[in-house]
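Since the structure comes first, as structure tokens, the remarks are kept for the end.
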4 protein chains.
Amino acid sequence: MIRYKKLGYVVLSVTDLNKSVDFYENIVGMEFVERVLDAAYLRCSGDHHNLILEQGEEPGLKRVAFELEKADQFQAVFDHLKKQGVNPVELSAEECQNLAQGRTLRFKDPYLGVTYEFYVQIMQMGTPFVPKKARITRLLHVVYETNKFDELFDFFTTVLNFNISDIQGRETGWAWLRAAGTPFHHNFALTKGKENKLNHLAYQAQRVDDVGIQVNRLKDNNVPILFGPGKHHPSGSIFLYFADPDGLTIEYSQGMEEFPEENPREPRRLEPTMHTLDEWGGRPKPGWGKVGKLIKEDLEKVNQ
Amino acid sequence: MIRYKKLGYVVLSVTDLNKSVDFYENIVGMEFVERVLDAAYLRCSGDHHNLILEQGEEPGLKRVAFELEKADQFQAVFDHLKKQGVNPVELSAEECQNLAQGRTLRFKDPYLGVTYEFYVQIMQMGTPFVPKKARITRLLHVVYETNKFDELFDFFTTVLNFNISDIQGRETGWAWLRAAGTPFHHNFALTKGKENKLNHLAYQAQRVDDVGIQVNRLKDNNVPILFGPGKHHPSGSIFLYFADPDGLTIEYSQGMEEFPEENPREPRRLEPTMHTLDEWGGRPKPGWGKVGKLIKEDLEKVNQ
Amino acid sequence: MIRYKKLGYVVLSVTDLNKSVDFYENIVGMEFVERVLDAAYLRCSGDHHNLILEQGEEPGLKRVAFELEKADQFQAVFDHLKKQGVNPVELSAEECQNLAQGRTLRFKDPYLGVTYEFYVQIMQMGTPFVPKKARITRLLHVVYETNKFDELFDFFTTVLNFNISDIQGRETGWAWLRAAGTPFHHNFALTKGKENKLNHLAYQAQRVDDVGIQVNRLKDNNVPILFGPGKHHPSGSIFLYFADPDGLTIEYSQGMEEFPEENPREPRRLEPTMHTLDEWGGRPKPGWGKVGKLIKEDLEKVNQ
Amino acid sequence: MIRYKKLGYVVLSVTDLNKSVDFYENIVGMEFVERVLDAAYLRCSGDHHNLILEQGEEPGLKRVAFELEKADQFQAVFDHLKKQGVNPVELSAEECQNLAQGRTLRFKDPYLGVTYEFYVQIMQMGTPFVPKKARITRLLHVVYETNKFDELFDFFTTVLNFNISDIQGRETGWAWLRAAGTPFHHNFALTKGKENKLNHLAYQAQRVDDVGIQVNRLKDNNVPILFGPGKHHPSGSIFLYFADPDGLTIEYSQGMEEFPEENPREPRRLEPTMHTLDEWGGRPKPGWGKVGKLIKEDLEKVNQ
């Protein structure tokens, strides 16, 4: 069974790389690490990167990468995915070195064609991550809107060994999942919709203060607030959503429920009300979760 | 030495009594108790009243009432005030009964002429106070702007036995005071200004959620938010200011520092910066603390 | 009996104010607060200042200031000093405001004529002190060399209520004293010598690492190391001495013994060996403790 | 699987045996045990020897010896090595007695030809080891520079059952290994280089004080300090490097990370920066790690 250390990083396609690097550094609060050609690496932990921004034609999500729990688990995970028919490819030593990672594999989910990456031993930077004004402490989760909800839900919970934290609706319309071995209420979530797209990307904020400070930082920098501050009922987290320069929805999430490894609580089926979305009674702005194509990478190129 | 149980209630003059009763009941979250002629009584505790609204010509503060720590202290406090030249008057038994209070005295401060009331044994209601949507737990403090700062500061700390929690500025321009025997960072505060007026009135909110809920309740009801949510540096409280129907500034305050009775920390002299006012970086709207006359009552009428 | 909160700040006379401000900010690691005419204020805590640098003719110590434990103790301390024949003068309200302090008194010791200041309620800055590369956490102590050892020792321990932490020698030649109410092994020390001068000034470093980092910072900036790293036997602290631009001796001190308020250990009479000075076997450079006049201020000017 | 008790001893070739014995006794702080012809035995534990110095033509490393966890494991280890094609030879009873050891085997690594020895039951001395001025508590590790990095890394981690504590670089250029069963961050480490040679040899110092004392002992005896005191990021140890009479690099290492037997942390891939080498910001002198041939012993002679 696959076990994970954490949601490691995502690759976003952005239409103005310089502008986006400035935003993720100065508004989101990450640290710029390096730029290689049309890709910029940023971090919000000791890792070499927790976000890669790539110059592209349109804004969207290109890859979601999880760090495996232990390095010596890599081959077994590779074999497991192969057996499941997922067709993983392992990156060459040179490709891994370019990413400052140890052994790394990639595959696509069979329904949306999004690229996932599992890796071990990402390079730890010599100096610790020091958050700017607002204290962000990790990349927390990725959420899709999808019309292949049931298929993806099944793929993540069976093939990829994600645990169910909560679901919502009579006919399940939301699922909050956590990769086996990780404690947070969700590092991946799905909501049923007409389209297939990125709903949002979330960073963990350390204190309620960091959410409060961010509200003013967004206002002072004319960054659109899309939803919140509010409180999500499923995870108990205080949230704040805002738009990146391309309109991608970014969340600050504070105080999310953490599950113990042993005897976690049962997943609940929650009522689909506005109160579930925001216990404090707010409503999202129209731009919330609206921008973000799920971009299909050409996996064949990986080993060229 | 005078010892207090709490800030008990205030009397506000409002220009449209019905409208204000509705506001303090449905927006602030108090419970309407009764209406006697042109006065309405509301509560946010087991007490018969923590707010009296009176129909008047202009909006303002008519009286500030503190409950004494013990009933048997009443006479000594009366004598002390008399000795200090404050000229207290004791209310008649009938007047006390009309107020649903035990022994009650009133006096004016010698500088602004505001009426203060000290009382014991206010009637406890048969049913507990059940907060509405947002959980308010008490009337917390009253703040004045005044051009008689030094005189009032001296009057409260020496004659009335208020403790200093914090002051601000090289030449002291803010003082946060707590009535001896009460734990909260301030139930009375002063800020130096050109005018003499009510700056604001505050209610304690129980949880951060109650502040978050209130933001949406205010927006949904088109109540102007004047400042916040933010965080006050002196008391460490999360705040939210909004306007009542007359424009009086009302605060929700959550998580204020509490002082122990034994060995409380020393008062601090704080730097007068925007960060001291709001650690989260916000700025008040122009209407913040702008409305609220300090109305001089005719004390002679008290005993008529 | 006088009780203290801490050694608050010292005033140094320096021959090139700009150069010294740069040194205390970038080499010692304090934060520059403001400059008023020929005086610069720096801090290493929430206080408005923990060091005042004044442009002068020669390098030296102009004033040593202690913060009293409680504000309401001020008058009693003033009266006590008066009764002891020390002739304290209280600063005017304007002088206190210029210093961003509450009530403040000054006096001279009767033997060397050094000015001491006792104050309450120094202004707390709106933003916390954030140490630079090396983490200094407080101004820790002042040490004199003096040929009036016995007289000063007596003055500090009887009139000023300093506790003895340790002494050294058959005929006492070193005394380490702590102001009553403060925990650190010494915030004031005396060593018997031919001259009367400042021996050194010390800052507390948080971790052994901060001493190690400072060694390299000094070397990289061509700052003379005068002694250490080493370990003082009396206080158990790891030390590092270096020269400021005028040659004044500055110490980083890490891990000093702290005394409990109740039942502190007895003072010890220590053997005067090199091992007492440095358990690690080092020896000071010739410049150690050599520069630093004790400058007599004209107290009459205080109230002009 | 081979399990170890510790890094037991090394054999160094030195060009002036008397001078080196004096150095390892009086500067490093070991205890001289005995001299047999051109070999001197020294110890820093209850063992008969933790260092053997042999008179030679040039300075270098002749042998690295590990003590196995249990005596009854000896034959299985011998068989395992044979099966792996390593060609171990077992010493005769007389040879073992000369070494004051129980059963002992030797082999060469297939890439550099360095001789390794695994032994059990080394003679325990009648009197405990009493450290001299500085408290050294064990021989801690050996580090090579090598142009056969990948091959050696693989040999140690697979054939010899060493665990990986940390690696460094995109293309791995440093590896810190610990013999299975031993807790310290590394008793063997490799760094990729152009040559094959000994980088350094390390002793554990008990306290920070022992590093501080050693600095002065080195200075007082004109022993070149090659690097430090500083702090290694990978192991968190405080280090001090100095030169033996032949220029071999010797380290004092204090406070190294220890791994639990159960659930040790995952190895990290560290960024190759100067900060990883020294968190305190120091830089090694040119002589650091420069002297020390890896001398190939003639294993055939072993059994003669």
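Letters for chains follow the order of the structure tokens (A, B, ...), residue numbers begin at 1 for each chain, and ligand numbers begin at 1 in the order shown.
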
Find the residues of chain B that sit at most 10 Å from chain A; for each, write down the nearest two atoms and how far apart they are in Å, to one decimal. Count only C-alpha atoms. Sort by chain, then by number going up, and give it as a Markdown table.
| residue | atom | partner | partner_atom | distance |
| --- | --- | --- | --- | --- |
| B:Lys133 | CA | A:Trp280 | CA | 9.8 |
| B:Ala134 | CA | A:Trp280 | CA | 9.5 |
| B:Val208 | CA | A:Val208 | CA | 8.6 |
| B:Asp209 | CA | A:Trp280 | CA | 6.7 |
| B:Asp210 | CA | A:Trp280 | CA | 7.9 |
| B:Val211 | CA | A:Trp280 | CA | 8.8 |
| B:Gly212 | CA | A:Trp280 | CA | 5.7 |
| B:Ile213 | CA | A:Trp280 | CA | 4.2 |
| B:Gln214 | CA | A:Trp280 | CA | 7.9 |
| B:Val215 | CA | A:Trp280 | CA | 8.3 |
| B:Asn216 | CA | A:Gly282 | CA | 5.9 |
| B:Arg217 | CA | A:Gly281 | CA | 7.7 |
| B:Lys219 | CA | A:Gly282 | CA | 9.3 |
| B:Asp220 | CA | A:Gly282 | CA | 9.2 |
| B:Gly228 | CA | A:Gly212 | CA | 9.0 |
| B:Pro229 | CA | A:Gly212 | CA | 7.2 |
| B:Gly230 | CA | A:Gly212 | CA | 6.6 |
| B:Lys231 | CA | A:Asp209 | CA | 7.8 |
| B:Ile238 | CA | A:Asp209 | CA | 9.0 |
| B:Asp278 | CA | A:Ile213 | CA | 9.6 |
| B:Glu279 | CA | A:Ile213 | CA | 7.7 |
| B:Trp280 | CA | A:Ile213 | CA | 4.3 |
| B:Gly281 | CA | A:Asn216 | CA | 6.1 |
| B:Gly282 | CA | A:Asn216 | CA | 6.0 |
| B:Arg283 | CA | A:Asn216 | CA | 9.1 |

Among the residues of range 109-247 of chain B, find those DSSP assigns to helix (DSSP H, G or I) from the backbone and print them as number ranges by chain.
B: 149-159, 208-220

Can you pull out the residues contacting Tyr4 in chain B? Cut-off 8 Å, using only C-alpha atoms, and skip same-chain residues under 5 positions away; I want them as a list of chain:residue names.
B:Phe66, B:Glu67, B:Leu68, B:Glu69, B:Lys70, B:Ala179, B:Ala180, B:Gly181, B:Thr182

Next, the residues of the selection above should be written as an mmCIF file, in the first residue's frame with all heavy atoms.
data_model
loop_
_atom_site.group_PDB
_atom_site.id
_atom_site.type_symbol
_atom_site.label_atom_id
_atom_site.label_comp_id
_atom_site.auth_asym_id
_atom_site.auth_seq_id
_atom_site.Cartn_x
_atom_site.Cartn_y
_atom_site.Cartn_z
ATOM 1 N N PHE B 66 -21.933 50.914 37.151
ATOM 2 C CA PHE B 66 -21.110 49.793 37.603
ATOM 3 C C PHE B 66 -21.786 49.090 38.773
ATOM 4 O O PHE B 66 -22.335 49.747 39.659
ATOM 5 C CB PHE B 66 -19.728 50.294 38.059
ATOM 6 C CG PHE B 66 -18.857 50.739 36.929
ATOM 7 C CD1 PHE B 66 -18.890 52.064 36.481
ATOM 8 C CD2 PHE B 66 -18.004 49.846 36.289
ATOM 9 C CE1 PHE B 66 -18.085 52.473 35.428
ATOM 10 C CE2 PHE B 66 -17.189 50.256 35.237
ATOM 11 C CZ PHE B 66 -17.235 51.578 34.806
ATOM 12 N N GLU B 67 -21.709 47.785 38.764
ATOM 13 C CA GLU B 67 -22.218 47.002 39.896
ATOM 14 C C GLU B 67 -21.082 46.853 40.906
ATOM 15 O O GLU B 67 -19.962 46.492 40.530
ATOM 16 C CB GLU B 67 -22.677 45.622 39.418
ATOM 17 C CG GLU B 67 -23.361 44.822 40.510
ATOM 18 C CD GLU B 67 -23.925 43.489 40.000
ATOM 19 O OE1 GLU B 67 -23.742 43.181 38.806
ATOM 20 O OE2 GLU B 67 -24.540 42.773 40.811
ATOM 21 N N LEU B 68 -21.367 47.146 42.177
ATOM 22 C CA LEU B 68 -20.339 46.996 43.217
ATOM 23 C C LEU B 68 -20.141 45.518 43.543
ATOM 24 O O LEU B 68 -21.023 44.694 43.328
ATOM 25 C CB LEU B 68 -20.746 47.772 44.481
ATOM 26 C CG LEU B 68 -20.804 49.298 44.299
ATOM 27 C CD1 LEU B 68 -21.306 49.974 45.585
ATOM 28 C CD2 LEU B 68 -19.448 49.867 43.899
ATOM 29 N N GLU B 69 -18.949 45.213 44.096
ATOM 30 C CA GLU B 69 -18.616 43.818 44.346
ATOM 31 C C GLU B 69 -19.567 43.174 45.340
ATOM 32 O O GLU B 69 -20.046 42.057 45.119
ATOM 33 C CB GLU B 69 -17.177 43.712 44.842
ATOM 34 C CG GLU B 69 -16.657 42.291 44.897
ATOM 35 C CD GLU B 69 -15.202 42.233 45.351
ATOM 36 O OE1 GLU B 69 -14.850 42.917 46.340
ATOM 37 O OE2 GLU B 69 -14.420 41.507 44.725
ATOM 38 N N LYS B 70 -19.836 43.874 46.459
ATOM 39 C CA LYS B 70 -20.687 43.296 47.493
ATOM 40 C C LYS B 70 -21.722 44.319 47.948
ATOM 41 O O LYS B 70 -21.433 45.521 48.030
ATOM 42 C CB LYS B 70 -19.848 42.887 48.710
ATOM 43 C CG LYS B 70 -18.943 41.689 48.439
ATOM 44 C CD LYS B 70 -17.974 41.492 49.605
ATOM 45 C CE LYS B 70 -16.944 40.454 49.283
ATOM 46 N NZ LYS B 70 -17.458 39.075 49.335
ATOM 47 N N ALA B 179 -11.794 48.511 36.466
ATOM 48 C CA ALA B 179 -12.331 48.771 37.800
ATOM 49 C C ALA B 179 -11.787 47.719 38.763
ATOM 50 O O ALA B 179 -11.778 46.522 38.438
ATOM 51 C CB ALA B 179 -13.856 48.724 37.754
ATOM 52 N N ALA B 180 -11.297 48.166 39.929
ATOM 53 C CA ALA B 180 -10.689 47.241 40.893
ATOM 54 C C ALA B 180 -11.624 46.073 41.178
ATOM 55 O O ALA B 180 -12.799 46.265 41.487
ATOM 56 C CB ALA B 180 -10.362 47.982 42.187
ATOM 57 N N GLY B 181 -11.096 44.863 41.058
ATOM 58 C CA GLY B 181 -11.893 43.670 41.306
ATOM 59 C C GLY B 181 -12.355 42.988 40.036
ATOM 60 O O GLY B 181 -12.803 41.847 40.075
ATOM 61 N N THR B 182 -12.237 43.688 38.902
ATOM 62 C CA THR B 182 -12.659 43.094 37.626
ATOM 63 C C THR B 182 -11.420 42.705 36.823
ATOM 64 O O THR B 182 -10.398 43.378 36.890
ATOM 65 C CB THR B 182 -13.515 44.073 36.800
ATOM 66 O OG1 THR B 182 -12.706 45.174 36.375
ATOM 67 C CG2 THR B 182 -14.677 44.607 37.620
#

DSSP says strand (DSSP E or B) for which residues of range 27-187 of chain A? Put them as a ChimeraX atom specification?
/A:31-36,39-43,47,51-55,60-68,89-90,104-108,115-119,123-124,136-146,162-168,174-179,184

Which residues are close to range 11-16 of chain A, i.e. within 6 Å by only C-alpha atoms, leaving aside same-chain residues fewer than 5 positions away? Reply as a PyMOL selection string.
chain A and resi 51-63

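Taking CA of Ser165 in chain D and CA of Arg269 in chain D as the two end points, the separation is 9.6 Å.
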
note - CA of Ala76 in chain B and CA of Ile2 in chain B are separated by 8.3 Å

Can you tell me, as a ChimeraX atom specification, what residues are no more than 7 Å from Val64 in chain A when counting only C-alpha atoms, ignoring any on the same chain fewer than 6 positions away?
/A:9-11,115-117

Print the selection's residues with N, CA, C and O atoms to a file, as a JSON list (two decimals), in the first residue's frame.
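Writing the result to selection11.json gives the following:
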[["chain", "number", "residue", "atom", "x", "y", "z"],
["A", 9, "TYR", "N", 4.38, 19.36, -4.11],
["A", 9, "TYR", "CA", 4.35, 20.60, -4.89],
["A", 9, "TYR", "C", 3.38, 20.44, -6.04],
["A", 9, "TYR", "O", 2.92, 19.33, -6.34],
["A", 10, "VAL", "N", 3.04, 21.55, -6.67],
["A", 10, "VAL", "CA", 2.26, 21.50, -7.90],
["A", 10, "VAL", "C", 3.00, 22.33, -8.94],
["A", 10, "VAL", "O", 3.80, 23.20, -8.60],
["A", 11, "VAL", "N", 2.71, 22.03, -10.20],
["A", 11, "VAL", "CA", 3.23, 22.85, -11.30],
["A", 11, "VAL", "C", 2.04, 23.60, -11.89],
["A", 11, "VAL", "O", 1.06, 22.98, -12.30],
["A", 115, "THR", "N", -1.24, 14.84, -14.82],
["A", 115, "THR", "CA", 0.00, 14.16, -14.46],
["A", 115, "THR", "C", 0.22, 14.23, -12.95],
["A", 115, "THR", "O", 0.11, 15.30, -12.35],
["A", 116, "TYR", "N", 0.52, 13.07, -12.37],
["A", 116, "TYR", "CA", 0.88, 12.99, -10.96],
["A", 116, "TYR", "C", 2.32, 12.56, -10.86],
["A", 116, "TYR", "O", 2.82, 11.84, -11.74],
["A", 117, "GLU", "N", 2.98, 12.98, -9.81],
["A", 117, "GLU", "CA", 4.37, 12.60, -9.60],
["A", 117, "GLU", "C", 4.53, 12.12, -8.17],
["A", 117, "GLU", "O", 4.01, 12.75, -7.26]]
